[in-house]
Every structure is written in C-alpha cells, then in structure tokens.
$ cat data_14.cif   # mmCIF, C-alpha atoms
data_entry
loop_
_atom_site.group_PDB
_atom_site.id
_atom_site.type_symbol
_atom_site.label_atom_id
_atom_site.label_comp_id
_atom_site.auth_asym_id
_atom_site.auth_seq_id
_atom_site.Cartn_x
_atom_site.Cartn_y
_atom_site.Cartn_z
ATOM 1 C CA MET A 1389 -208.867 27.619 -7.783
ATOM 2 C CA SER A 1390 -207.201 25.277 -10.265
ATOM 3 C CA GLU A 1391 -204.311 26.577 -12.276
ATOM 4 C CA VAL A 1392 -204.403 26.467 -16.093
ATOM 5 C CA LYS A 1393 -202.121 24.041 -17.898
ATOM 6 C CA ARG A 1394 -198.728 25.575 -18.601
ATOM 7 C CA ARG A 1395 -197.858 25.993 -22.249
ATOM 8 C CA SER A 1396 -194.847 27.312 -24.011
ATOM 9 C CA VAL A 1397 -194.860 30.868 -25.282
ATOM 10 C CA GLY A 1398 -192.855 32.734 -27.842
ATOM 11 C CA ARG A 1399 -190.765 35.851 -27.396
ATOM 12 C CA PRO A 1400 -193.002 38.638 -25.997
ATOM 13 C CA ALA A 1401 -193.897 41.429 -28.389
ATOM 14 C CA GLY A 1402 -191.325 44.161 -28.245
ATOM 15 C CA ALA A 1403 -188.676 41.963 -26.598
ATOM 16 C CA THR A 1404 -185.427 42.799 -28.341
ATOM 17 C CA LYS A 1405 -181.787 42.495 -27.511
ATOM 18 C CA ALA A 1406 -180.439 45.719 -26.073
ATOM 19 C CA SER A 1407 -176.866 46.844 -26.212
ATOM 20 C CA GLY A 1408 -174.845 48.143 -23.332
ATOM 21 C CA GLY A 1409 -174.524 47.343 -19.642
ATOM 22 C CA HIS A 1410 -177.391 48.077 -17.309
ATOM 23 C CA SER A 1411 -179.965 48.800 -20.036
ATOM 24 C CA GLN A 1412 -179.391 45.352 -21.519
ATOM 25 C CA SER A 1413 -179.781 43.687 -18.130
ATOM 26 C CA LEU A 1414 -182.984 45.645 -17.515
ATOM 27 C CA VAL A 1415 -184.521 44.568 -20.827
ATOM 28 C CA ARG A 1416 -183.516 40.961 -20.229
ATOM 29 C CA GLY A 1417 -184.960 40.996 -16.697
ATOM 30 C CA LEU A 1418 -188.254 42.455 -17.911
ATOM 31 C CA THR A 1419 -188.372 39.837 -20.670
ATOM 32 C CA LEU A 1420 -188.037 37.079 -18.057
ATOM 33 C CA LEU A 1421 -190.930 38.639 -16.107
ATOM 34 C CA GLU A 1422 -193.094 38.578 -19.232
ATOM 35 C CA TYR A 1423 -192.439 34.883 -19.780
ATOM 36 C CA LEU A 1424 -193.163 34.086 -16.140
ATOM 37 C CA SER A 1425 -196.368 36.131 -16.110
ATOM 38 C CA ALA A 1426 -197.625 34.057 -19.065
ATOM 39 C CA SER A 1427 -196.830 30.789 -17.244
ATOM 40 C CA PRO A 1428 -198.759 30.680 -13.929
ATOM 41 C CA LEU A 1429 -197.524 27.167 -13.130
ATOM 42 C CA GLY A 1430 -193.944 28.392 -13.235
ATOM 43 C CA LEU A 1431 -190.952 27.714 -15.458
ATOM 44 C CA ALA A 1432 -187.680 25.894 -14.948
ATOM 45 C CA LEU A 1433 -184.410 27.774 -15.310
ATOM 46 C CA SER A 1434 -183.562 25.830 -18.466
ATOM 47 C CA GLU A 1435 -186.924 26.703 -20.055
ATOM 48 C CA LEU A 1436 -186.527 30.396 -19.280
ATOM 49 C CA ALA A 1437 -182.990 30.451 -20.621
ATOM 50 C CA GLU A 1438 -184.104 28.823 -23.881
ATOM 51 C CA MET A 1439 -187.112 31.139 -24.293
ATOM 52 C CA ALA A 1440 -185.048 34.272 -23.673
ATOM 53 C CA ASP A 1441 -182.108 33.003 -25.743
ATOM 54 C CA LEU A 1442 -179.768 33.498 -22.783
ATOM 55 C CA ALA A 1443 -177.104 31.393 -21.125
ATOM 56 C CA PRO A 1444 -178.407 29.565 -18.030
ATOM 57 C CA SER A 1445 -175.823 31.355 -15.885
ATOM 58 C CA THR A 1446 -177.006 34.757 -17.119
ATOM 59 C CA THR A 1447 -180.647 33.771 -16.616
ATOM 60 C CA HIS A 1448 -179.938 32.599 -13.072
ATOM 61 C CA ARG A 1449 -178.118 35.841 -12.229
ATOM 62 C CA LEU A 1450 -181.041 37.918 -13.482
ATOM 63 C CA LEU A 1451 -183.562 35.771 -11.602
ATOM 64 C CA GLN A 1452 -181.588 36.150 -8.376
ATOM 65 C CA ALA A 1453 -181.603 39.926 -8.791
ATOM 66 C CA LEU A 1454 -185.358 39.914 -9.397
ATOM 67 C CA GLN A 1455 -185.871 37.594 -6.436
ATOM 68 C CA SER A 1456 -183.921 39.871 -4.104
ATOM 69 C CA GLN A 1457 -186.385 42.660 -4.934
ATOM 70 C CA GLY A 1458 -189.491 40.503 -4.520
ATOM 71 C CA PHE A 1459 -190.447 40.294 -8.204
ATOM 72 C CA VAL A 1460 -190.004 36.518 -8.594
ATOM 73 C CA THR A 1461 -189.838 33.503 -6.318
ATOM 74 C CA GLN A 1462 -188.575 29.945 -6.668
ATOM 75 C CA GLU A 1463 -190.628 26.948 -5.625
ATOM 76 C CA SER A 1464 -188.477 24.736 -3.446
ATOM 77 C CA GLU A 1465 -189.811 21.288 -4.458
ATOM 78 C CA GLN A 1466 -189.469 21.450 -8.250
ATOM 79 C CA GLY A 1467 -187.273 24.517 -8.485
ATOM 80 C CA LEU A 1468 -189.744 26.321 -10.760
ATOM 81 C CA TRP A 1469 -189.648 30.111 -10.965
ATOM 82 C CA ARG A 1470 -192.832 32.188 -10.676
ATOM 83 C CA ILE A 1471 -193.738 35.849 -10.460
ATOM 84 C CA ASP A 1472 -194.030 37.106 -6.876
ATOM 85 C CA VAL A 1473 -196.282 39.568 -5.114
ATOM 86 C CA LYS A 1474 -194.416 42.760 -6.100
ATOM 87 C CA THR A 1475 -194.941 42.033 -9.802
ATOM 88 C CA PHE A 1476 -198.645 41.567 -9.126
ATOM 89 C CA ARG A 1477 -198.814 44.852 -7.216
ATOM 90 C CA ILE A 1478 -197.141 46.813 -9.986
ATOM 91 C CA GLY A 1479 -199.403 45.289 -12.634
ATOM 92 C CA ASN A 1480 -202.407 45.981 -10.466
ATOM 93 C CA SER A 1481 -201.463 49.659 -10.229
ATOM 94 C CA PHE A 1482 -202.556 50.085 -13.854
ATOM 95 C CA LEU A 1483 -205.999 48.856 -12.952
ATOM 96 C CA GLU A 1484 -206.078 51.086 -9.880
ATOM 97 C CA ALA A 1485 -205.356 54.017 -12.166
ATOM 98 C CA ARG A 1486 -208.423 53.108 -14.197
ATOM 99 C CA ASP A 1487 -210.335 52.851 -10.906
ATOM 100 C CA VAL A 1488 -211.857 49.477 -11.728
ATOM 101 C CA VAL A 1489 -210.410 47.684 -8.702
ATOM 102 C CA ALA A 1490 -210.758 50.598 -6.283
ATOM 103 C CA LYS A 1491 -214.273 51.462 -7.464
ATOM 104 C CA SER A 1492 -215.393 47.840 -7.323
ATOM 105 C CA ARG A 1493 -214.318 47.104 -3.747
ATOM 106 C CA PRO A 1494 -217.393 48.683 -2.055
ATOM 107 C CA PHE A 1495 -219.631 46.773 -4.462
ATOM 108 C CA LEU A 1496 -217.865 43.488 -3.675
ATOM 109 C CA ARG A 1497 -218.430 44.154 0.029
ATOM 110 C CA ARG A 1498 -222.074 44.869 -0.733
ATOM 111 C CA LEU A 1499 -222.431 41.661 -2.720
ATOM 112 C CA THR A 1500 -221.065 39.636 0.177
ATOM 113 C CA ALA A 1501 -223.284 41.483 2.665
ATOM 114 C CA GLU A 1502 -226.407 40.807 0.571
ATOM 115 C CA THR A 1503 -225.634 37.218 -0.407
ATOM 116 C CA GLY A 1504 -223.444 35.889 2.398
ATOM 117 C CA GLU A 1505 -221.070 34.518 -0.263
ATOM 118 C CA THR A 1506 -217.585 35.365 -1.541
ATOM 119 C CA ALA A 1507 -217.431 38.080 -4.208
ATOM 120 C CA ASN A 1508 -214.603 38.340 -6.752
ATOM 121 C CA LEU A 1509 -213.369 40.605 -9.515
ATOM 122 C CA GLY A 1510 -211.319 39.379 -12.449
ATOM 123 C CA ILE A 1511 -210.015 40.463 -15.836
ATOM 124 C CA ARG A 1512 -209.064 38.615 -19.002
ATOM 125 C CA ASP A 1513 -205.430 37.932 -19.812
ATOM 126 C CA GLY A 1514 -205.232 35.964 -23.038
ATOM 127 C CA ALA A 1515 -207.164 32.717 -22.591
ATOM 128 C CA THR A 1516 -207.420 33.002 -18.812
ATOM 129 C CA ALA A 1517 -209.260 35.011 -16.193
ATOM 130 C CA VAL A 1518 -207.027 36.603 -13.536
ATOM 131 C CA PHE A 1519 -208.543 37.347 -10.116
ATOM 132 C CA LEU A 1520 -207.547 40.729 -8.688
ATOM 133 C CA ALA A 1521 -209.927 41.515 -5.830
ATOM 134 C CA GLN A 1522 -212.060 39.564 -3.400
ATOM 135 C CA HIS A 1523 -214.355 39.989 -0.425
ATOM 136 C CA GLU A 1524 -214.640 36.762 1.525
ATOM 137 C CA SER A 1525 -217.833 35.184 2.799
ATOM 138 C CA PRO A 1526 -218.207 35.152 6.607
ATOM 139 C CA GLN A 1527 -219.360 31.529 6.379
ATOM 140 C CA MET A 1528 -217.049 28.846 7.753
ATOM 141 C CA MET A 1529 -217.419 26.875 4.513
ATOM 142 C CA ARG A 1530 -216.572 29.340 1.764
ATOM 143 C CA MET A 1531 -214.824 29.752 -1.545
ATOM 144 C CA ILE A 1532 -211.431 31.540 -1.439
ATOM 145 C CA THR A 1533 -209.402 32.505 -4.498
ATOM 146 C CA ARG A 1534 -205.748 33.484 -4.252
ATOM 147 C CA LEU A 1535 -205.325 36.962 -5.740
ATOM 148 C CA GLY A 1536 -203.396 36.760 -8.968
ATOM 149 C CA SER A 1537 -204.549 33.194 -9.627
ATOM 150 C CA ARG A 1538 -205.947 32.226 -13.001
ATOM 151 C CA ALA A 1539 -208.767 30.131 -14.388
ATOM 152 C CA PRO A 1540 -209.562 29.060 -17.971
ATOM 153 C CA LEU A 1541 -212.046 31.366 -19.681
ATOM 154 C CA HIS A 1542 -214.306 28.481 -20.697
ATOM 155 C CA ALA A 1543 -214.349 26.876 -17.224
ATOM 156 C CA SER A 1544 -215.106 29.718 -14.826
ATOM 157 C CA GLY A 1545 -217.955 32.145 -14.215
ATOM 158 C CA VAL A 1546 -215.831 35.276 -14.651
ATOM 159 C CA GLY A 1547 -214.102 33.772 -17.686
ATOM 160 C CA LYS A 1548 -217.320 32.763 -19.406
ATOM 161 C CA ALA A 1549 -218.840 36.219 -18.837
ATOM 162 C CA LEU A 1550 -215.791 37.904 -20.387
ATOM 163 C CA LEU A 1551 -215.707 35.400 -23.252
ATOM 164 C CA ALA A 1552 -219.403 35.799 -24.019
ATOM 165 C CA TRP A 1553 -219.180 39.564 -24.441
ATOM 166 C CA MET A 1554 -216.090 39.629 -26.635
ATOM 167 C CA SER A 1555 -216.723 40.502 -30.260
ATOM 168 C CA GLU A 1556 -217.504 37.469 -32.422
ATOM 169 C CA GLU A 1557 -214.333 38.040 -34.425
ATOM 170 C CA GLU A 1558 -212.109 38.264 -31.348
ATOM 171 C CA ARG A 1559 -213.746 35.227 -29.748
ATOM 172 C CA ALA A 1560 -213.391 33.154 -32.925
ATOM 173 C CA GLU A 1561 -209.722 34.097 -33.185
ATOM 174 C CA LEU A 1562 -209.109 33.170 -29.544
ATOM 175 C CA LEU A 1563 -210.911 29.824 -29.746
ATOM 176 C CA LYS A 1564 -209.092 28.907 -32.960
ATOM 177 C CA GLY A 1565 -205.873 28.328 -31.052
ATOM 178 C CA TYR A 1566 -207.348 27.452 -27.656
ATOM 179 C CA GLU A 1567 -207.663 23.960 -26.225
ATOM 180 C CA LEU A 1568 -210.940 23.485 -24.313
ATOM 181 C CA GLY A 1569 -209.538 21.303 -21.562
ATOM 182 C CA ARG A 1570 -211.784 19.544 -19.055
ATOM 183 C CA VAL A 1571 -211.238 20.891 -15.562
ATOM 184 C CA THR A 1572 -214.108 18.832 -14.132
ATOM 185 C CA GLU A 1573 -216.605 16.398 -15.628
ATOM 186 C CA ASN A 1574 -219.012 19.344 -16.023
ATOM 187 C CA THR A 1575 -216.669 21.592 -17.996
ATOM 188 C CA LEU A 1576 -217.967 22.650 -21.421
ATOM 189 C CA TYR A 1577 -215.121 21.370 -23.571
ATOM 190 C CA GLN A 1578 -216.772 21.174 -27.020
ATOM 191 C CA THR A 1579 -216.772 24.328 -29.147
ATOM 192 C CA ASP A 1580 -220.385 24.003 -30.334
ATOM 193 C CA THR A 1581 -221.648 23.558 -26.775
ATOM 194 C CA LEU A 1582 -219.590 26.499 -25.566
ATOM 195 C CA LEU A 1583 -220.847 28.796 -28.333
ATOM 196 C CA THR A 1584 -224.441 27.857 -27.465
ATOM 197 C CA GLU A 1585 -223.643 28.756 -23.856
ATOM 198 C CA MET A 1586 -222.230 32.126 -24.985
ATOM 199 C CA ALA A 1587 -225.526 32.983 -26.668
ATOM 200 C CA ALA A 1588 -227.450 32.070 -23.497
ATOM 201 C CA ILE A 1589 -225.144 34.217 -21.364
ATOM 202 C CA ARG A 1590 -225.657 37.219 -23.621
ATOM 203 C CA ALA A 1591 -229.417 36.707 -23.526
ATOM 204 C CA GLN A 1592 -229.677 36.569 -19.725
ATOM 205 C CA GLY A 1593 -226.865 39.019 -18.977
ATOM 206 C CA PHE A 1594 -224.818 36.815 -16.661
ATOM 207 C CA ALA A 1595 -222.784 33.612 -16.721
ATOM 208 C CA CYS A 1596 -223.222 30.559 -14.516
ATOM 209 C CA ASP A 1597 -220.527 28.096 -13.515
ATOM 210 C CA ARG A 1598 -222.211 24.858 -12.477
ATOM 211 C CA GLU A 1599 -219.362 22.803 -11.019
ATOM 212 C CA GLU A 1600 -217.369 23.505 -14.180
ATOM 213 C CA HIS A 1601 -214.295 24.741 -12.359
ATOM 214 C CA ALA A 1602 -214.616 22.917 -9.040
ATOM 215 C CA ILE A 1603 -216.930 20.099 -7.981
ATOM 216 C CA GLY A 1604 -219.438 21.239 -5.380
ATOM 217 C CA LEU A 1605 -219.057 24.925 -6.283
ATOM 218 C CA HIS A 1606 -221.541 27.201 -8.054
ATOM 219 C CA CYS A 1607 -220.663 30.655 -9.356
ATOM 220 C CA VAL A 1608 -222.442 33.455 -11.192
ATOM 221 C CA ALA A 1609 -220.708 36.388 -12.922
ATOM 222 C CA ALA A 1610 -221.443 39.515 -14.945
ATOM 223 C CA CYS A 1611 -219.289 41.960 -16.894
ATOM 224 C CA ILE A 1612 -218.194 45.521 -16.206
ATOM 225 C CA TYR A 1613 -217.813 47.517 -19.428
ATOM 226 C CA ASP A 1614 -215.622 50.380 -20.585
ATOM 227 C CA GLU A 1615 -216.704 53.486 -22.471
ATOM 228 C CA HIS A 1616 -216.942 51.488 -25.705
ATOM 229 C CA GLY A 1617 -219.155 48.757 -24.259
ATOM 230 C CA THR A 1618 -216.215 46.327 -24.263
ATOM 231 C CA PRO A 1619 -215.716 44.003 -21.276
ATOM 232 C CA LEU A 1620 -213.253 45.596 -18.872
ATOM 233 C CA ALA A 1621 -213.619 43.129 -15.991
ATOM 234 C CA ALA A 1622 -216.223 40.868 -14.402
ATOM 235 C CA ILE A 1623 -217.514 40.344 -10.880
ATOM 236 C CA SER A 1624 -218.811 37.094 -9.450
ATOM 237 C CA VAL A 1625 -220.397 35.463 -6.424
ATOM 238 C CA SER A 1626 -219.315 31.915 -5.567
ATOM 239 C CA GLY A 1627 -220.255 29.378 -2.946
ATOM 240 C CA PRO A 1628 -221.046 25.735 -2.235
ATOM 241 C CA MET A 1629 -224.028 24.137 -3.968
ATOM 242 C CA ALA A 1630 -225.581 23.467 -0.578
ATOM 243 C CA ARG A 1631 -226.163 27.218 -0.233
ATOM 244 C CA ILE A 1632 -226.447 28.051 -3.937
ATOM 245 C CA PRO A 1633 -228.780 25.518 -5.578
ATOM 246 C CA GLU A 1634 -229.994 26.081 -9.132
ATOM 247 C CA GLU A 1635 -232.957 28.312 -8.241
ATOM 248 C CA ARG A 1636 -230.805 30.619 -6.099
ATOM 249 C CA LEU A 1637 -228.067 30.664 -8.736
ATOM 250 C CA LEU A 1638 -230.405 32.357 -11.205
ATOM 251 C CA ALA A 1639 -231.648 34.847 -8.601
ATOM 252 C CA LEU A 1640 -228.064 35.736 -7.717
ATOM 253 C CA GLY A 1641 -227.348 36.219 -11.411
ATOM 254 C CA ALA A 1642 -229.847 39.065 -11.623
ATOM 255 C CA LEU A 1643 -228.309 40.713 -8.550
ATOM 256 C CA VAL A 1644 -224.728 40.344 -9.795
ATOM 257 C CA ARG A 1645 -225.690 41.780 -13.176
ATOM 258 C CA LYS A 1646 -227.424 44.747 -11.500
ATOM 259 C CA ILE A 1647 -224.375 45.561 -9.389
ATOM 260 C CA ALA A 1648 -221.991 45.071 -12.329
ATOM 261 C CA ASP A 1649 -224.079 47.578 -14.287
ATOM 262 C CA GLU A 1650 -223.822 50.049 -11.401
ATOM 263 C CA ILE A 1651 -220.022 49.734 -11.434
ATOM 264 C CA THR A 1652 -219.988 50.249 -15.202
ATOM 265 C CA LEU A 1653 -221.964 53.472 -14.909
ATOM 266 C CA GLN A 1654 -219.823 54.752 -12.036
ATOM 267 C CA LEU A 1655 -216.719 54.193 -14.177
ATOM 268 C CA GLY A 1656 -218.276 56.082 -17.066
ATOM 269 C CA GLY A 1657 -218.704 52.906 -19.069
ATOM 270 C CA HIS A 1658 -221.359 52.030 -21.595
ATOM 271 C CA LEU A 1659 -223.778 49.130 -21.243
ATOM 272 C CA PRO A 1660 -223.969 47.137 -24.505
ATOM 273 C CA ARG A 1661 -227.222 46.061 -26.042
ATOM 274 C CA CYS A 1662 -228.174 42.429 -25.409
#
$ encode --input "data_14.cif" --output "structure tokens"
Amino acid sequence: MSEVKRRSVGRPAGATKASGGHSQSLVRGLTLLEYLSASPLGLALSELAEMADLAPSTTHRLLQALQSQGFVTQESEQGLWRIDVKTFRIGNSFLEARDVVAKSRPFLRRLTAETGETANLGIRDGATAVFLAQHESPQMMRMITRLGSRAPLHASGVGKALLAWMSEEERAELLKGYELGRVTENTLYQTDTLLTEMAAIRAQGFACDREEHAIGLHCVAACIYDEHGTPLAAISVSGPMARIPEERLLALGALVRKIADEITLQLGGHLPRC
C-alpha cells in the first residue's frame, strides 16, 4: 500500500515537561513515540528534536534507548526514525481488549475462503486508515498490506467506509483541514465529488475502491460499529481487477457488508440506520 504524505504535527495533547530523573525521560520518550506514530514516513532526528523541544543529543539518547527495546527503528538510507513492531503490538493490545481484532479474525478467514481474495481489517487514526489484521489470498497474484501501514481515508476502501459513516459534523471538521491528494489518476480528490460518493456509500452500505489507491486493484469495504452505531473498524476484500471486475465488485460488497454486520452483532454493537 502507498504511504500517506508526511506532514508536521504539533505537540501531542497532554505532552508536558516533567521534572525529575527517570520520570522526565519516560515522558520525553513517550512524546517521541507519539510524534513518530503520527508520521508513518518517518522523521529525521533534527525534526524530532525540534518538535519535542529537546536538544538533538538528548533526542538521540532517548531514541537509542527506545530502539534497544524494539519500540523504534532507524532507516539506514535516509536515517529517518520510525515506530517499530513492539509499539504496534502494544497499541494493538487495546483493540484486542475490545475484541475487535480477535473477533474479526475468523470472519476474515471466512471472507478469503468464500471469495479467494485477501481480507483486511482497519481502523481510523486521524485522516488515515491503519491496517491491523489480514488474511491473505491463496492466489499467486494477490494484494498484501503490511500490518500497521496506512492509507488516506479518501483513497482507500476501508478509509472511505469509515469516512462515510462518520457524523456529518465530524466529517466536515476533518475535511476542513485535510488535503485530498491524488494517489492515482482515479482518486476522488475534489470535495464535492467525495461528498457525493459518501452519500452513495451510505445508501448501498459498502464502499468501493476502483483503482483509487493502486492501479489495477479493486477493493470493497464495510464498517463494523460499536454500541452507539459509530464506526469502530472496517473490513475489506481486495484483489486485481482481472478477478474483481465491476459486476463482481458489487456482489462482493453485499457479502462484505453482511459479514461486517455479523461482527458488529457479535461485539454487541448497533447497526445504524441507512
């Protein structure tokens, strides 16, 4: 999957300077993790130091400590720092506690068994969709998403499903400060066009990605809802257009929506009215 364009972020909410020894180092280290988690393309040491209002030497020392424990990693070519697998695992434990990932895994396996295509689960994090679980297609030519990778909400099946079922107020607030970048020539990058698409998604109950995130790839996604009828996550089925032409895309949409609804009910969630 393509990564979203890196953008600068401000100090994370609740990030304050702590006084005293180890507690101060802990707060500073966690602050660095927050900045890195908001920047999937990675950040340079100088950028992190400036964001956290720390000396580069202090920032480097903290990053080395985090790296030794598997929380961050440094890309060798450009020297950019990124979050590593342990950070992802710890963040994912919250979702496991809510059962959404664990409960969805059998359904993802079922989706792949019934469709022959790769099934994914993702959640929203700001203006991106983050992929947390996957069951791969047995086909030689298949779509694979790295767990923890991100995609723009407006240019992915999972993202569009989550965006469509946000409240109008929340969606308007998000889009107000969100650049609709073109990932491919098919990406919906104009606000009016995207809002029309949101209405269509709500009407049919699932979202379609027609080469909007990757040329040659079709995807269909539907939301899983919490007890308030608010999108909690979304599942999708993705594959090459050769196996998922337009007519099959719509048929898969009905199946994905049906299985997403089953997950919602198993989690004790509430299905919203269309």
$ atom_distance --input "data_14.cif" --atom1 "CA of Leu1468 (chain A)" --atom2 "CA of Leu1433 (chain A)"
7.2 Å
$ axis_aligned_box --input "data_14.cif" --around "region 1583-1600 of chain A" --padding-each-side "4 Å" --output "JSON"
{"center_x": -223.5, "center_y": 30.9, "center_z": -19.7, "size_x": 20.3, "size_y": 24.2, "size_z": 25.3}
$ residues_around --input "data_14.cif" --residues "Arg1534 (chain A)" --least-positions-apart "6" --cutoff "10 Å" --atoms "all atoms listed in the file" --output "ChimeraX atom specification"
/A:1389,1518-1522
$ resolve_selection --input "data_14.cif" --expression "the PyMOL selection byres ((chain A and resi 1626) around 6)" --output "PyMOL selection string"
chain A and resi 1506+1606-1607+1625+1627
$ residues_near_point --input "data_14.cif" --point "(-209.1, 39.5, -12.3)" --cutoff "12 Å" --atoms "all atoms listed in the file" --output "PyMOL selection string"
chain A and resi 1476+1479-1480+1483+1488-1489+1492+1507-1514+1516-1522+1533-1541+1544-1547+1550+1611-1612+1620-1624
$ resolve_selection --input "data_14.cif" --expression "the PyMOL selection byres ((chain A and resi 1461) around 6)" --output "ChimeraX atom specification"
/A:1455,1460,1462,1469-1470,1472
$ resolve_selection --input "data_14.cif" --expression "the PyMOL selection byres ((chain A and resi 1559-1576) around 10)" --output "NGL selection string"
:A and (1390-1393 or 1514-1515 or 1539-1544 or 1550-1558 or 1577-1583 or 1585 or 1597-1603)
$ closest_residue --input "data_14.cif" --among "A:Ser1464, A:Val1644, A:Phe1495, A:Gly1458" --to "Ala1549 (chain A)" --atoms "only C-alpha atoms"
A:Val1644
$ closest_residue --input "data_14.cif" --among "A:Gly1593, A:Pro1526, A:Gly1467, A:Gly1417" --to "Gly1641 (chain A)" --atoms "all atoms listed in the file"
A:Gly1593
$ closest_residue --input "data_14.cif" --among "A:Thr1419, A:Pro1494, A:Ile1632, A:Leu1605" --to "Ala1648 (chain A)" --atoms "all atoms listed in the file"
A:Pro1494
$ atom_distance --input "data_14.cif" --atom1 "CA of Glu1615 (chain A)" --atom2 "CA of Leu1653 (chain A)"
9.2 Å
$ decode --input "data_14.cif" --residues "region 1435-1447 of chain A" --atoms "N, CA, C and O atoms" --output "PDB file, in the first residue's frame"
ATOM      1  N   GLU A1435      14.197  16.910  13.106  1.00  0.00           N
ATOM      2  CA  GLU A1435      12.765  17.226  13.163  1.00  0.00           C
ATOM      3  C   GLU A1435      12.178  16.827  14.511  1.00  0.00           C
ATOM      4  O   GLU A1435      11.404  17.576  15.118  1.00  0.00           O
ATOM      5  N   LEU A1436      12.527  15.635  14.974  1.00  0.00           N
ATOM      6  CA  LEU A1436      12.025  15.164  16.261  1.00  0.00           C
ATOM      7  C   LEU A1436      12.484  16.073  17.396  1.00  0.00           C
ATOM      8  O   LEU A1436      11.702  16.402  18.298  1.00  0.00           O
ATOM      9  N   ALA A1437      13.755  16.446  17.356  1.00  0.00           N
ATOM     10  CA  ALA A1437      14.287  17.305  18.409  1.00  0.00           C
ATOM     11  C   ALA A1437      13.544  18.639  18.456  1.00  0.00           C
ATOM     12  O   ALA A1437      13.198  19.141  19.532  1.00  0.00           O
ATOM     13  N   GLU A1438      13.267  19.206  17.276  1.00  0.00           N
ATOM     14  CA  GLU A1438      12.561  20.485  17.215  1.00  0.00           C
ATOM     15  C   GLU A1438      11.126  20.338  17.713  1.00  0.00           C
ATOM     16  O   GLU A1438      10.637  21.179  18.471  1.00  0.00           O
ATOM     17  N   MET A1439      10.446  19.271  17.269  1.00  0.00           N
ATOM     18  CA  MET A1439       9.054  19.054  17.697  1.00  0.00           C
ATOM     19  C   MET A1439       8.942  18.896  19.213  1.00  0.00           C
ATOM     20  O   MET A1439       8.026  19.420  19.844  1.00  0.00           O
ATOM     21  N   ALA A1440       9.874  18.124  19.786  1.00  0.00           N
ATOM     22  CA  ALA A1440       9.814  17.824  21.215  1.00  0.00           C
ATOM     23  C   ALA A1440      10.497  18.884  22.071  1.00  0.00           C
ATOM     24  O   ALA A1440      10.490  18.775  23.302  1.00  0.00           O
ATOM     25  N   ASP A1441      11.076  19.901  21.406  1.00  0.00           N
ATOM     26  CA  ASP A1441      11.772  20.969  22.121  1.00  0.00           C
ATOM     27  C   ASP A1441      12.888  20.395  22.991  1.00  0.00           C
ATOM     28  O   ASP A1441      13.036  20.731  24.170  1.00  0.00           O
ATOM     29  N   LEU A1442      13.687  19.507  22.374  1.00  0.00           N
ATOM     30  CA  LEU A1442      14.792  18.854  23.066  1.00  0.00           C
ATOM     31  C   LEU A1442      16.083  19.078  22.293  1.00  0.00           C
ATOM     32  O   LEU A1442      16.060  19.310  21.077  1.00  0.00           O
ATOM     33  N   ALA A1443      17.208  18.961  22.981  1.00  0.00           N
ATOM     34  CA  ALA A1443      18.490  19.019  22.305  1.00  0.00           C
ATOM     35  C   ALA A1443      18.652  17.772  21.442  1.00  0.00           C
ATOM     36  O   ALA A1443      18.194  16.691  21.817  1.00  0.00           O
ATOM     37  N   PRO A1444      19.280  17.881  20.274  1.00  0.00           N
ATOM     38  CA  PRO A1444      19.492  16.704  19.432  1.00  0.00           C
ATOM     39  C   PRO A1444      20.196  15.568  20.162  1.00  0.00           C
ATOM     40  O   PRO A1444      19.869  14.391  19.955  1.00  0.00           O
ATOM     41  N   SER A1445      21.150  15.892  21.024  1.00  0.00           N
ATOM     42  CA  SER A1445      21.858  14.842  21.758  1.00  0.00           C
ATOM     43  C   SER A1445      20.922  14.093  22.703  1.00  0.00           C
ATOM     44  O   SER A1445      20.993  12.864  22.823  1.00  0.00           O
ATOM     45  N   THR A1446      20.033  14.831  23.358  1.00  0.00           N
ATOM     46  CA  THR A1446      19.059  14.199  24.257  1.00  0.00           C
ATOM     47  C   THR A1446      18.086  13.341  23.456  1.00  0.00           C
ATOM     48  O   THR A1446      17.748  12.219  23.852  1.00  0.00           O
ATOM     49  N   THR A1447      17.624  13.878  22.322  1.00  0.00           N
ATOM     50  CA  THR A1447      16.696  13.136  21.468  1.00  0.00           C
ATOM     51  C   THR A1447      17.336  11.845  20.981  1.00  0.00           C
ATOM     52  O   THR A1447      16.708  10.781  20.994  1.00  0.00           O
TER      53      THR A1447
END
